[in-house]
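coords28.cif follows (mmCIF, C-alpha atoms):
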```cif
data_target
#
loop_
_atom_site.label_atom_id
_atom_site.label_comp_id
_atom_site.auth_asym_id
_atom_site.auth_seq_id
_atom_site.Cartn_x
_atom_site.Cartn_y
_atom_site.Cartn_z
CA MET A 1 0.00 0.00 0.00
CA ALA A 2 1.18 3.57 -0.63
CA SER A 3 2.76 5.48 2.24
CA THR A 4 0.41 7.44 4.45
CA PRO A 5 -0.41 11.03 3.50
CA ALA A 6 1.57 12.26 6.51
CA ALA A 7 4.62 10.23 5.51
CA ARG A 8 4.42 11.36 1.89
CA LEU A 9 4.02 14.94 3.05
CA LYS A 10 7.14 14.81 5.19
CA ARG A 11 9.14 13.02 2.52
CA ASP A 12 8.14 15.31 -0.34
CA ALA A 13 8.20 18.59 1.57
CA LEU A 14 11.42 18.05 3.48
CA SER A 15 13.37 15.75 1.15
CA GLY A 16 15.82 14.92 3.90
CA SER A 17 16.63 18.54 4.80
CA GLU A 18 14.43 19.16 7.82
CA GLY A 19 14.63 22.69 9.15
CA ARG A 20 16.67 23.97 6.21
CA HIS A 21 14.00 25.70 4.16
CA PRO A 22 14.93 29.27 3.29
CA PRO A 23 12.57 31.94 4.65
CA LEU A 24 9.35 32.11 2.66
CA HIS A 25 7.45 35.36 2.02
CA ILE A 26 3.77 34.74 1.23
CA LEU A 27 1.06 37.20 0.22
CA PHE A 28 -2.39 35.94 1.26
CA VAL A 29 -5.44 37.20 -0.60
CA HIS A 30 -8.01 36.23 2.01
CA SER A 31 -10.92 37.52 4.09
CA HIS A 32 -10.65 35.06 7.01
CA ALA A 33 -7.73 35.38 9.42
CA ALA A 34 -8.48 31.96 10.96
CA GLU A 35 -8.02 30.16 7.63
CA VAL A 36 -4.80 32.05 6.94
CA GLU A 37 -3.57 30.88 10.34
CA ARG A 38 -4.44 27.26 9.46
CA CYS A 39 -2.33 27.54 6.30
CA LEU A 40 0.59 28.93 8.29
CA GLN A 41 0.28 26.15 10.87
CA GLU A 42 0.48 23.47 8.17
CA LEU A 43 3.63 25.06 6.75
CA ASP A 44 5.12 25.34 10.23
CA LYS A 45 4.61 21.60 10.79
CA VAL A 46 7.13 20.84 8.05
CA HIS A 47 9.56 23.55 9.16
CA PHE A 48 8.88 26.31 6.67
CA THR A 49 9.89 29.70 8.08
CA VAL A 50 7.17 32.02 6.82
CA SER A 51 6.66 35.77 6.87
CA SER A 52 3.25 36.73 5.52
CA GLU A 53 0.99 39.62 4.70
CA THR A 54 -2.73 39.57 3.98
CA VAL A 55 -4.73 41.78 1.62
CA GLY A 56 -8.46 41.90 1.10
CA THR A 57 -9.03 44.02 -2.01
CA PRO A 58 -7.67 44.13 -5.56
CA GLU A 59 -6.29 47.63 -4.90
CA GLU A 60 -4.28 46.41 -1.91
CA PHE A 61 -3.07 43.43 -3.92
CA ILE A 62 -1.76 45.61 -6.77
CA GLU A 63 -0.06 47.97 -4.31
CA ARG A 64 1.74 45.15 -2.47
CA LEU A 65 2.90 43.48 -5.69
CA GLY A 66 4.38 46.77 -6.81
CA SER A 67 6.27 47.48 -3.59
CA HIS A 68 7.26 44.09 -2.11
CA ALA A 69 8.86 40.82 -3.23
CA TYR A 70 6.96 37.58 -2.61
CA ASP A 71 7.76 33.92 -3.15
CA LEU A 72 4.14 32.78 -3.28
CA VAL A 73 0.56 34.04 -3.46
CA VAL A 74 -2.20 32.09 -1.70
CA ALA A 75 -5.65 33.27 -2.74
CA GLU A 76 -9.07 32.50 -1.25
CA TYR A 77 -11.76 31.02 -3.52
CA PRO A 78 -14.54 31.95 -3.64
CA SER A 79 -13.97 35.42 -2.24
CA PRO A 80 -16.73 37.98 -1.62
CA ASP A 81 -14.75 40.89 -3.09
CA TRP A 82 -13.06 39.18 -6.05
CA ARG A 83 -14.05 37.81 -9.43
CA GLU A 84 -13.10 34.13 -9.93
CA THR A 85 -9.48 34.35 -11.07
CA GLN A 86 -9.03 38.10 -10.68
CA ALA A 87 -5.96 37.65 -8.46
CA LEU A 88 -4.38 35.49 -11.18
CA GLU A 89 -5.18 38.06 -13.85
CA LEU A 90 -3.71 40.92 -11.80
CA LEU A 91 -0.60 38.86 -11.09
CA ARG A 92 -0.12 38.26 -14.80
CA LEU A 93 -0.55 41.96 -15.56
CA SER A 94 2.09 42.80 -12.95
CA LYS A 95 4.66 40.73 -14.91
CA ARG A 96 5.70 39.07 -11.64
CA GLN A 97 6.58 35.37 -11.98
CA ILE A 98 5.08 34.27 -8.65
CA PRO A 99 3.27 30.90 -8.20
CA LEU A 100 -0.37 31.27 -7.10
CA ILE A 101 -2.30 28.62 -5.18
CA PHE A 102 -6.06 28.87 -4.63
CA VAL A 103 -7.49 27.60 -1.32
CA GLY A 104 -11.15 27.37 -0.48
CA GLY A 105 -14.17 25.31 0.37
CA SER A 106 -15.54 22.59 -1.87
CA LEU A 107 -13.84 22.99 -5.24
CA GLN A 108 -15.47 21.30 -8.23
CA ARG A 109 -13.02 19.37 -10.37
CA GLU A 110 -14.17 21.33 -13.41
CA THR A 111 -13.31 24.57 -11.59
CA VAL A 112 -9.88 23.25 -10.64
CA ALA A 113 -9.22 22.29 -14.26
CA GLU A 114 -10.22 25.74 -15.49
CA PHE A 115 -8.07 27.57 -12.92
CA ILE A 116 -4.99 25.46 -13.66
CA THR A 117 -5.32 26.03 -17.41
CA ARG A 118 -5.49 29.77 -16.70
CA GLY A 119 -2.15 29.60 -14.89
CA ALA A 120 -2.84 28.74 -11.24
CA TYR A 121 -0.21 26.42 -9.79
CA ASP A 122 -2.69 24.39 -7.71
CA CYS A 123 -6.10 24.44 -6.00
CA ILE A 124 -6.52 23.01 -2.49
CA GLU A 125 -9.64 22.59 -0.38
CA MET A 126 -9.43 23.74 3.24
CA ASN A 127 -10.61 20.25 4.25
CA HIS A 128 -7.37 18.96 2.72
CA ILE A 129 -5.11 21.86 3.67
CA GLY A 130 -2.48 19.32 4.78
CA HIS A 131 -1.59 19.09 1.06
CA LEU A 132 -0.48 22.73 1.04
CA PRO A 133 3.18 22.20 2.08
CA VAL A 134 3.75 19.68 -0.73
CA ALA A 135 2.23 22.04 -3.29
CA VAL A 136 4.32 24.93 -1.93
CA HIS A 137 7.52 22.89 -2.04
CA ARG A 138 6.95 21.86 -5.66
CA ALA A 139 5.95 25.37 -6.71
CA LEU A 140 9.13 26.77 -5.19
CA ASP A 141 11.26 24.08 -6.87
CA GLU A 142 9.80 24.97 -10.26
CA LYS A 143 10.24 28.70 -9.60
CA ALA A 144 13.88 28.15 -8.58
CA LEU A 145 14.54 26.34 -11.85
CA ARG A 146 12.98 29.19 -13.84
CA ASP A 147 15.01 31.77 -11.90
CA GLU A 148 18.21 29.80 -12.49
CA ARG A 149 17.56 29.75 -16.22
CA ASP A 150 16.94 33.50 -16.19
CA ARG A 151 20.17 34.13 -14.26
CA ALA A 152 22.12 31.93 -16.67
CA GLN A 153 20.71 33.80 -19.65
CA ASN A 154 21.46 37.21 -18.15
CA GLY A 155 24.91 36.06 -17.12
CA LEU A 156 25.78 35.37 -20.74
CA LYS A 157 25.76 39.10 -21.58
CA HIS A 158 29.34 39.73 -20.55
CA SER A 159 32.04 41.96 -21.93
CA GLU A 160 35.18 40.51 -23.49
CA ALA A 161 36.98 41.13 -20.20
CA ARG A 162 34.40 38.93 -18.47
CA TYR A 163 35.02 36.15 -21.00
CA ARG A 164 38.73 36.38 -20.29
CA ALA A 165 38.08 36.13 -16.57
CA LEU A 166 35.97 33.03 -17.15
CA ALA A 167 38.67 31.32 -19.19
CA GLY A 168 40.13 29.74 -16.07
CA ASN A 169 36.72 28.85 -14.66
CA LEU A 170 36.29 25.15 -14.01
CA SER A 171 32.48 25.25 -14.29
CA TYR A 172 32.16 26.67 -17.82
CA GLY A 173 33.79 25.55 -21.01
CA ILE A 174 35.27 28.54 -22.85
CA CYS A 175 36.48 28.47 -26.43
CA ARG A 176 37.39 30.77 -29.29
CA CYS A 177 36.90 29.62 -32.88
CA ASP A 178 37.49 31.19 -36.27
CA LEU A 179 34.72 32.07 -38.72
CA ASP A 180 34.66 28.48 -40.05
CA GLY A 181 34.31 26.99 -36.58
CA LYS A 182 37.87 25.75 -36.13
CA PHE A 183 38.99 25.95 -32.50
CA LEU A 184 41.65 28.54 -31.75
CA GLU A 185 41.60 28.35 -27.95
CA VAL A 186 39.85 26.12 -25.40
CA ASN A 187 40.05 26.02 -21.62
CA GLU A 188 40.53 22.94 -19.42
CA ALA A 189 36.89 22.88 -18.31
CA MET A 190 35.76 22.29 -21.89
CA VAL A 191 38.40 19.60 -22.39
CA LYS A 192 37.10 17.74 -19.31
CA MET A 193 33.47 18.34 -20.25
CA LEU A 194 33.94 16.49 -23.54
CA GLY A 195 36.20 13.83 -22.04
CA CYS A 196 39.13 14.60 -24.32
CA ALA A 197 42.60 13.35 -23.43
CA SER A 198 44.23 16.76 -23.86
CA LYS A 199 43.66 20.32 -25.02
CA GLU A 200 45.44 19.46 -28.28
CA ASP A 201 42.95 16.62 -28.84
CA LEU A 202 40.05 19.09 -28.71
CA LEU A 203 41.82 21.79 -30.73
CA ALA A 204 42.01 19.32 -33.62
CA ALA A 205 38.21 19.32 -33.81
CA ASN A 206 35.86 21.83 -35.40
CA LEU A 207 33.04 23.38 -33.37
CA ALA A 208 30.83 23.93 -36.38
CA CYS A 209 31.35 20.64 -38.23
CA ASP A 210 32.07 18.14 -35.46
CA LEU A 211 30.01 19.39 -32.51
CA ILE A 212 27.11 21.44 -33.93
CA GLN A 213 25.87 19.29 -36.78
CA ASP A 214 22.39 20.84 -37.00
CA PRO A 215 22.67 23.55 -39.71
CA GLY A 216 19.95 25.67 -38.14
CA LYS A 217 21.58 25.61 -34.69
CA ARG A 218 24.99 26.27 -36.23
CA ALA A 219 23.71 29.30 -38.12
CA GLN A 220 21.99 30.58 -34.98
CA LEU A 221 25.19 30.43 -32.89
CA LEU A 222 27.77 31.44 -35.47
CA GLY A 223 26.59 34.38 -37.51
CA GLN A 224 23.43 35.93 -36.02
CA SER A 225 24.29 38.47 -33.33
CA ASP A 226 22.33 41.38 -31.88
CA GLN A 227 23.42 45.02 -31.94
CA GLN A 228 25.87 44.42 -29.06
CA GLY A 229 27.52 41.53 -30.89
CA LEU A 230 25.93 38.98 -28.51
CA ILE A 231 24.57 35.71 -29.84
CA ASP A 232 21.31 34.11 -28.73
CA PRO A 233 22.05 30.95 -26.71
CA ILE A 234 21.25 27.52 -28.06
CA GLU A 235 20.86 24.18 -26.32
CA ILE A 236 21.97 20.93 -27.96
CA GLU A 237 23.09 17.41 -27.07
CA TRP A 238 26.74 16.39 -27.35
CA LYS A 239 28.53 13.10 -26.88
CA ARG A 240 31.66 12.75 -24.80
CA LYS A 241 34.62 10.76 -26.02
CA ASP A 242 33.37 7.80 -23.95
CA GLY A 243 29.97 7.94 -25.70
CA ALA A 244 28.03 9.41 -22.76
CA ALA A 245 25.42 12.01 -23.72
CA LEU A 246 25.36 15.47 -22.20
CA LYS A 247 23.12 18.49 -22.75
CA VAL A 248 24.97 21.76 -23.21
CA ARG A 249 23.92 25.37 -23.43
CA LEU A 250 26.05 27.48 -25.78
CA SER A 251 26.18 31.27 -25.87
CA GLY A 252 28.73 33.64 -27.22
CA GLN A 253 29.79 36.89 -28.77
CA GLU A 254 31.63 38.14 -31.79
CA VAL A 255 35.28 39.17 -31.63
CA ARG A 256 35.95 42.17 -33.90
CA GLY A 257 39.10 43.96 -34.95
CA GLU A 258 40.05 47.62 -34.90
CA GLN A 259 38.20 48.24 -38.18
CA ASP A 260 35.12 46.49 -36.81
CA GLU A 261 35.81 43.45 -38.99
CA LEU A 262 34.58 40.09 -37.65
CA LEU A 263 37.60 38.01 -36.61
CA ALA A 264 36.30 35.13 -34.49
CA TYR A 265 33.66 33.92 -32.05
CA GLU A 266 33.96 33.32 -28.31
CA VAL A 267 31.58 30.74 -26.88
CA ILE A 268 30.65 29.75 -23.33
CA THR A 269 29.62 26.12 -22.89
CA GLU A 270 27.55 25.12 -19.86
CA ASP A 271 26.80 21.48 -19.01
CA VAL A 272 23.07 21.51 -18.13
CA THR A 273 22.59 17.73 -18.12
CA LYS A 274 21.80 17.41 -14.41
CA GLN A 275 19.63 20.50 -14.44
CA ARG A 276 17.50 19.13 -17.28
CA GLN A 277 17.26 15.74 -15.57
CA LEU A 278 16.03 17.46 -12.41
CA GLU A 279 13.51 19.48 -14.43
CA ASP A 280 12.24 16.31 -16.12
CA HIS A 281 11.96 14.60 -12.74
CA LEU A 282 10.02 17.52 -11.25
CA ARG A 283 7.71 17.69 -14.26
CA GLN A 284 7.01 13.96 -14.01
CA GLN A 285 6.51 14.19 -10.25
CA ALA A 286 4.10 17.09 -10.65
CA ALA A 287 2.16 15.32 -13.40
CA ARG A 288 1.92 11.78 -11.92
CA ASP A 289 -0.37 10.15 -9.41
CA PRO A 290 1.95 8.64 -6.76
CA LEU A 291 -0.09 5.45 -6.23
CA THR A 292 -0.88 4.36 -9.80
CA GLY A 293 1.80 6.13 -11.81
CA LEU A 294 -0.84 7.47 -14.21
CA ALA A 295 -1.21 11.14 -15.02
CA ASN A 296 -2.82 13.13 -12.20
CA TYR A 297 -5.78 15.48 -12.40
CA ARG A 298 -3.61 18.52 -13.04
CA HIS A 299 -1.96 16.91 -16.05
CA LEU A 300 -5.34 15.65 -17.29
CA ALA A 301 -6.61 19.26 -17.33
CA GLU A 302 -3.57 20.35 -19.35
CA VAL A 303 -4.07 17.52 -21.88
CA LEU A 304 -7.76 18.36 -22.31
CA ASP A 305 -6.92 22.01 -22.85
CA MET A 306 -4.30 21.04 -25.45
CA GLU A 307 -6.72 18.69 -27.27
CA ILE A 308 -9.44 21.36 -27.39
CA LYS A 309 -7.01 23.80 -28.98
CA ARG A 310 -5.72 21.18 -31.43
CA SER A 311 -9.22 20.05 -32.41
CA GLY A 312 -10.16 23.69 -32.88
CA ARG A 313 -7.40 23.93 -35.50
CA THR A 314 -7.96 20.58 -37.22
CA GLY A 315 -11.73 20.20 -36.86
CA ARG A 316 -11.27 16.61 -35.63
CA GLU A 317 -13.10 15.03 -32.74
CA PHE A 318 -11.62 13.61 -29.57
CA ALA A 319 -13.19 11.59 -26.77
CA LEU A 320 -12.99 11.65 -22.98
CA LEU A 321 -13.75 8.45 -21.04
CA LEU A 322 -14.43 8.42 -17.29
CA PHE A 323 -14.35 5.22 -15.22
CA ASP A 324 -15.48 4.64 -11.63
CA VAL A 325 -14.53 1.47 -9.72
CA ASP A 326 -17.72 -0.21 -8.51
CA GLY A 327 -17.88 -1.12 -4.82
CA LEU A 328 -14.38 0.01 -3.81
CA LYS A 329 -15.62 0.80 -0.29
CA GLN A 330 -16.92 -2.75 0.07
CA ILE A 331 -13.56 -4.10 -1.14
CA ASN A 332 -11.76 -1.96 1.45
CA ASP A 333 -14.15 -3.04 4.22
CA ARG A 334 -13.98 -6.74 3.37
CA TYR A 335 -10.37 -7.22 2.27
CA GLY A 336 -8.55 -4.20 3.71
CA HIS A 337 -7.16 -1.00 2.24
CA LEU A 338 -4.05 -2.74 0.88
CA THR A 339 -6.27 -4.79 -1.42
CA GLY A 340 -8.25 -1.65 -2.24
CA SER A 341 -5.09 0.18 -3.28
CA HIS A 342 -4.05 -2.85 -5.32
CA ALA A 343 -7.46 -2.77 -7.04
CA LEU A 344 -6.79 0.81 -8.16
CA CYS A 345 -3.38 -0.25 -9.48
CA ARG A 346 -5.01 -3.13 -11.38
CA VAL A 347 -7.29 -0.67 -13.14
CA ALA A 348 -4.31 1.57 -13.87
CA ASP A 349 -2.41 -1.38 -15.37
CA VAL A 350 -5.22 -1.96 -17.88
CA LEU A 351 -5.45 1.73 -18.77
CA SER A 352 -1.69 2.02 -19.25
CA PHE A 353 -1.93 -0.22 -22.33
CA CYS A 354 -3.69 2.50 -24.31
CA ARG A 355 -2.19 3.90 -27.49
CA ASP A 356 0.89 6.10 -27.19
CA THR A 357 -1.23 9.07 -28.26
CA ASP A 358 -3.82 8.47 -25.50
CA THR A 359 -3.57 9.83 -21.97
CA ALA A 360 -4.72 7.77 -18.97
CA ALA A 361 -5.15 9.57 -15.66
CA ARG A 362 -6.38 9.01 -12.13
CA TYR A 363 -9.30 11.43 -12.07
CA GLY A 364 -10.21 11.17 -8.38
CA GLY A 365 -10.11 8.69 -5.50
CA ASP A 366 -11.61 5.72 -7.37
CA GLU A 367 -12.19 7.42 -10.72
CA PHE A 368 -10.05 7.32 -13.83
CA ALA A 369 -10.03 9.09 -17.18
CA VAL A 370 -8.71 8.38 -20.66
CA VAL A 371 -8.34 11.01 -23.40
CA LEU A 372 -8.57 9.56 -26.92
CA PRO A 373 -7.38 11.98 -29.63
CA GLU A 374 -9.09 11.85 -33.04
CA THR A 375 -11.79 9.49 -31.77
CA GLY A 376 -15.54 9.65 -32.36
CA ALA A 377 -18.46 8.25 -30.37
CA GLU A 378 -18.54 4.77 -31.94
CA ALA A 379 -14.82 4.15 -31.48
CA ALA A 380 -14.91 5.59 -27.95
CA ASN A 381 -17.71 3.20 -27.02
CA GLN A 382 -15.69 0.26 -28.34
CA VAL A 383 -12.60 1.31 -26.39
CA ALA A 384 -14.68 1.77 -23.23
CA GLN A 385 -16.20 -1.69 -23.56
CA ARG A 386 -12.81 -3.30 -24.18
CA ILE A 387 -11.35 -1.62 -21.09
CA CYS A 388 -14.32 -2.73 -18.94
CA ASP A 389 -13.91 -6.32 -20.18
CA ASN A 390 -10.15 -6.33 -19.56
CA ILE A 391 -10.59 -5.03 -16.02
CA ALA A 392 -13.25 -7.64 -15.26
CA ASN A 393 -11.07 -10.44 -16.65
CA ASP A 394 -7.59 -9.50 -15.46
CA GLY A 395 -7.19 -12.87 -13.72
CA MET A 396 -6.78 -11.43 -10.22
CA GLY A 397 -9.05 -11.21 -7.22
CA PRO A 398 -11.32 -9.89 -5.99
CA LEU A 399 -13.25 -9.45 -9.23
CA LEU A 400 -13.53 -5.83 -10.34
CA SER A 401 -16.04 -3.94 -12.40
CA VAL A 402 -16.17 -0.32 -13.50
CA SER A 403 -18.88 2.05 -14.65
CA VAL A 404 -18.04 4.21 -17.63
CA GLY A 405 -19.27 7.35 -19.32
CA PHE A 406 -17.82 9.29 -22.22
CA ALA A 407 -18.12 12.60 -24.02
CA VAL A 408 -16.96 13.60 -27.50
CA TYR A 409 -15.67 17.04 -28.47
CA PRO A 410 -17.31 19.18 -29.80
CA HIS A 411 -20.66 17.35 -29.94
CA ASP A 412 -20.96 16.95 -26.15
CA GLY A 413 -19.28 20.22 -25.20
CA GLU A 414 -16.60 22.66 -26.21
CA SER A 415 -15.01 23.30 -22.81
CA ILE A 416 -13.26 21.16 -20.21
CA GLU A 417 -16.12 21.71 -17.76
CA ALA A 418 -18.77 20.68 -20.29
CA LEU A 419 -16.93 17.53 -21.35
CA LEU A 420 -16.20 16.42 -17.78
CA GLY A 421 -19.78 17.14 -16.77
CA ARG A 422 -21.27 15.16 -19.66
CA ALA A 423 -18.99 12.16 -19.17
CA ASP A 424 -19.52 12.26 -15.40
CA ALA A 425 -23.31 12.27 -15.80
CA ALA A 426 -23.17 9.32 -18.20
CA MET A 427 -20.88 7.39 -15.84
CA TYR A 428 -23.17 7.86 -12.84
CA SER A 429 -26.22 6.99 -14.92
CA MET A 430 -24.58 3.64 -15.69
CA LYS A 431 -23.69 3.18 -12.01
CA ALA A 432 -27.32 3.89 -10.99
CA LYS A 433 -28.61 1.31 -13.47
CA LYS A 434 -26.22 -1.27 -12.03
CA ARG A 435 -27.52 -0.56 -8.52
CA GLU A 436 -31.12 -0.91 -9.68
CA LEU A 437 -30.32 -4.24 -11.34
CA LEU A 438 -28.54 -5.47 -8.21
CA ASP A 439 -31.45 -4.41 -5.96
CA ALA A 440 -33.89 -6.18 -8.25
CA ARG A 441 -31.86 -9.39 -8.10
CA GLN A 442 -31.66 -9.23 -4.31
CA ARG A 443 -35.44 -8.73 -4.04
CA SER A 444 -36.02 -11.63 -6.40
CA ALA A 445 -33.68 -13.87 -4.39
CA SER A 446 -35.48 -13.04 -1.14
#
```

As structure tokens, what does this structure read like?
Amino acid sequence: MASTPAARLKRDALSGSEGRHPPLHILFVHSHAAEVERCLQELDKVHFTVSSETVGTPEEFIERLGSHAYDLVVAEYPSPDWRETQALELLRLSKRQIPLIFVGGSLQRETVAEFITRGAYDCIEMNHIGHLPVAVHRALDEKALRDERDRAQNGLKHSEARYRALAGNLSYGICRCDLDGKFLEVNEAMVKMLGCASKEDLLAANLACDLIQDPGKRAQLLGQSDQQGLIDPIEIEWKRKDGAALKVRLSGQEVRGEQDELLAYEVITEDVTKQRQLEDHLRQQAARDPLTGLANYRHLAEVLDMEIKRSGRTGREFALLLFDVDGLKQINDRYGHLTGSHALCRVADVLSFCRDTDTAARYGGDEFAVVLPETGAEAANQVAQRICDNIANDGMGPLLSVSVGFAVYPHDGESIEALLGRADAAMYSMKAKKRELLDARQRSAS
């Protein structure tokens, strides 16, 4: 069985560094001091050091954003003085890259999907406010990665003197090449980065021909500078001498002579392999359900939004299937929660065998979803029936059954909320018919 929510919370939020979180400055957009205090208490439990301010009106919000720096915005929903996502809209207008998390009462899944597609980082019900520290931790991780990329990009705009100072730097590969890409100078960091035996070994190579084989990338790095002679950075994959792959970020500037003639290029090479691996890991973590490994609700909302936009361009249909495990509570009561969790994983195993273009997700506690691109009603019905049959006949016990409903874009709706609502209604209609049939059989048996 999966670890308890408390254990997952401590593991994800602390990651082995208890008490080492940097101070966190939060702006609350909220009308209830008691609920703000509950949020702060949850963060305190996992050793976040928080300084906070609270505003109640859009005018106060705009003023604070303009005069203070914040790591996070936590906004009440619904709020008596605010339109739905007004805080998100004002944050976007302020040009401040600050994650925003909505907290509130009962949040409909359709509402959550809409808010996330508009740019909210997460939406958390006050009844489940214990999830807040995990969401905060992940939001800050993603923000830190964005900030690091911004710093790296800004740091590339150096003068020639700065490039010279970096030549002895062990973290960045520095090279100078002629107009044809032949190396003229390289530093030791670049030699080690590529796993060459010596500087002479690398100098025998050609940056343009041997290392940047994509003509478009090569033209972008060597030959297209801005008014200051700086070159837009590119990111490519290289192979070391031992065959290992590494991702590198290249940026540079032109070297000109006294008559302003172009003589050479100087290029900074940064190994971003580990950074990209961490980003991929965080993206997967943020998009996956920890129990089943399927996409989570947040990722499902993003996929639906993408499919609506794509279908709007192509005019093609797509289908959304929703599944609900029948009698999961009875399975938990009779066999224990370990078996219940295994039942959810069994359903996930069947759904994971969808086409590569399909997206399977855990929609809720015992509910699942599958998005089928370029699929109409007839094909969606066939897929739904096949999935139901495979779940019922997976060869494991206890026997499982699922109720299913589906909706097809645009016939059944042109928004995420409409499609989810239509599929949800069809799914629960099927579940109600099953209950009626079961009740009838029990009455007949008695």

Next on the checklist: Which residues are close to Asp366 of chain A, i.e. within 7 Å by only C-alpha atoms, leaving aside same-chain residues fewer than 5 positions away? Reply as a PyMOL selection string.
Outcome noted: chain A and resi 324-325+344

Item to check | Explicit residues for the PyMOL selection byres ((chain A and resi 140) around 12) (as a PyMOL selection string) | outcome: chain A and resi 13+21-26+48+70-73+97-101+121+133-139+141-147+282

Checklist entry - Of the candidates A:Glu63, A:Glu53, A:Asp349, A:Asp280, which one gets nearest to Asn390 of chain A if we count only C-alpha atoms? => result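 Closest to Asn390 of chain A of all the choices is A:Asp349.
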
Item to check | Hits of the PyMOL selection byres ((chain A and resi 315-317) around 8) in this structure, as a PyMOL selection string | outcome: chain A and resi 311-314+318-319+373-376+408-410

Next, the residues of the selection above should be written as a compact mmCIF listing (two decimals), keeping the file's coordinate frame with C-alpha atoms.
```txt
# COMPACT_ATOMS: atom_id res chain seq x y z
CA SER A 311 -9.22 20.05 -32.41
CA GLY A 312 -10.16 23.69 -32.88
CA ARG A 313 -7.40 23.93 -35.50
CA THR A 314 -7.96 20.58 -37.22
CA PHE A 318 -11.62 13.61 -29.57
CA ALA A 319 -13.19 11.59 -26.77
CA PRO A 373 -7.38 11.98 -29.63
CA GLU A 374 -9.09 11.85 -33.04
CA THR A 375 -11.79 9.49 -31.77
CA GLY A 376 -15.54 9.65 -32.36
CA VAL A 408 -16.96 13.60 -27.50
CA TYR A 409 -15.67 17.04 -28.47
CA PRO A 410 -17.31 19.18 -29.80
```

Checklist entry - Any idea what's packed within 12 Å of Arg218 of chain A, counting all atoms listed in the file, ignoring anything in its chain fewer than 3 positions away? Could you give it as a list of chain:residue names? => result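 So, after excluding close chain neighbours, the residues are A:Leu179, A:Asp180, A:Gly181, A:Asn206, A:Leu207, A:Ala208, A:Cys209, A:Asp210, A:Leu211, A:Ile212, A:Gln213, A:Asp214, A:Pro215, A:Leu221, A:Leu222, A:Gly223, A:Gln224, A:Ile231, A:Asp232, A:Pro233, A:Ile234, A:Glu235, A:Ile236, A:Leu250, A:Ser251.
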
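For the pair atom CA of Glu307 of chain A and atom CA of Arg96 of chain A, the separation is 28.5 Å.
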
Checklist entry - Please, what distance in Å, to one decimal, runs between atom CA of Asp389 of chain A and atom CA of Gly421 of chain A? => result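 These atoms are spaced 24.4 Å apart.
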
Listed atoms of segment 238-254 of chain A, axis-aligned box, 5 Å per side: centre and edge lengths to one decimal in Å, as lines of an AutoDock Vina configuration file?
```
center_x = 28.9
center_y = 23.0
center_z = -27.0
size_x = 21.5
size_y = 40.3
size_z = 19.6
```

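Proximity to Arg64 of chain A was assessed for A:Leu27, A:Glu114, A:Glu200, A:Glu414 counting all atoms listed in the file; the smallest distance is recorded for A:Leu27.
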
Checklist entry - Which protein, DNA or RNA residues are at most 10 Å from (0.9, 26.0, 8.9) in the file's coordinates when you count only C-alpha atoms, listed as a list in words? => result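 Answer for this query, in the requested form: Glu35, Val36, Glu37, Arg38, Cys39, Leu40, Gln41, Glu42, Leu43, Asp44, Lys45, Val46, His47, Phe48, Thr49, Val50, Ile129, Gly130, Leu132 and Pro133 of chain A.
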
Next on the checklist: Using Å and a single decimal, report how far atom CA of Ala204 of chain A sits from atom CA of Gln253 of chain A.
Outcome noted: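 Atom CA of Ala204 of chain A lies 21.9 Å from atom CA of Gln253 of chain A.
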
Next on the checklist: Show me, as a PyMOL selection string, the residues that have an atom within 12 Å of Ser31 of chain A when counting all atoms listed in the file, minus same-chain residues fewer than 4 positions from it.
Outcome noted: chain A and resi 35-37+54-57+74-82+103-104

Next on the checklist: Using only C-alpha atoms for the distances, tell me which of A:Gly405, A:Gly243, A:Gly216, A:Gly293 is nearest to Ser352 of chain A.
Outcome noted: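 That would be A:Gly293, the residue with the smallest distance to Ser352 of chain A.
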
I want to know what sits within 7 Å of segment 255-269 of chain A, based on only C-alpha atoms, with residues of the same chain fewer than 5 positions away left out; could you give that as a PDB file with C-alpha atoms, in the coordinates of the input?
```pdb
ATOM      1  CA  TYR A 172      32.160  26.670 -17.820  1.00  0.00           C
ATOM      2  CA  GLY A 173      33.790  25.550 -21.010  1.00  0.00           C
ATOM      3  CA  ILE A 174      35.270  28.540 -22.850  1.00  0.00           C
ATOM      4  CA  CYS A 175      36.480  28.470 -26.430  1.00  0.00           C
ATOM      5  CA  ARG A 176      37.390  30.770 -29.290  1.00  0.00           C
ATOM      6  CA  CYS A 177      36.900  29.620 -32.880  1.00  0.00           C
ATOM      7  CA  ASP A 178      37.490  31.190 -36.270  1.00  0.00           C
ATOM      8  CA  LEU A 179      34.720  32.070 -38.720  1.00  0.00           C
ATOM      9  CA  VAL A 248      24.970  21.760 -23.210  1.00  0.00           C
ATOM     10  CA  ARG A 249      23.920  25.370 -23.430  1.00  0.00           C
ATOM     11  CA  LEU A 250      26.050  27.480 -25.780  1.00  0.00           C
TER      12      LEU A 250
END
```

Item to check | Option closest in space to Lys309 of chain A, from A:Ser198, A:Tyr363, A:Leu203, A:Thr117 [counting only C-alpha atoms] | outcome: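 Result for the nearest residue to Lys309 of chain A: A:Thr117.
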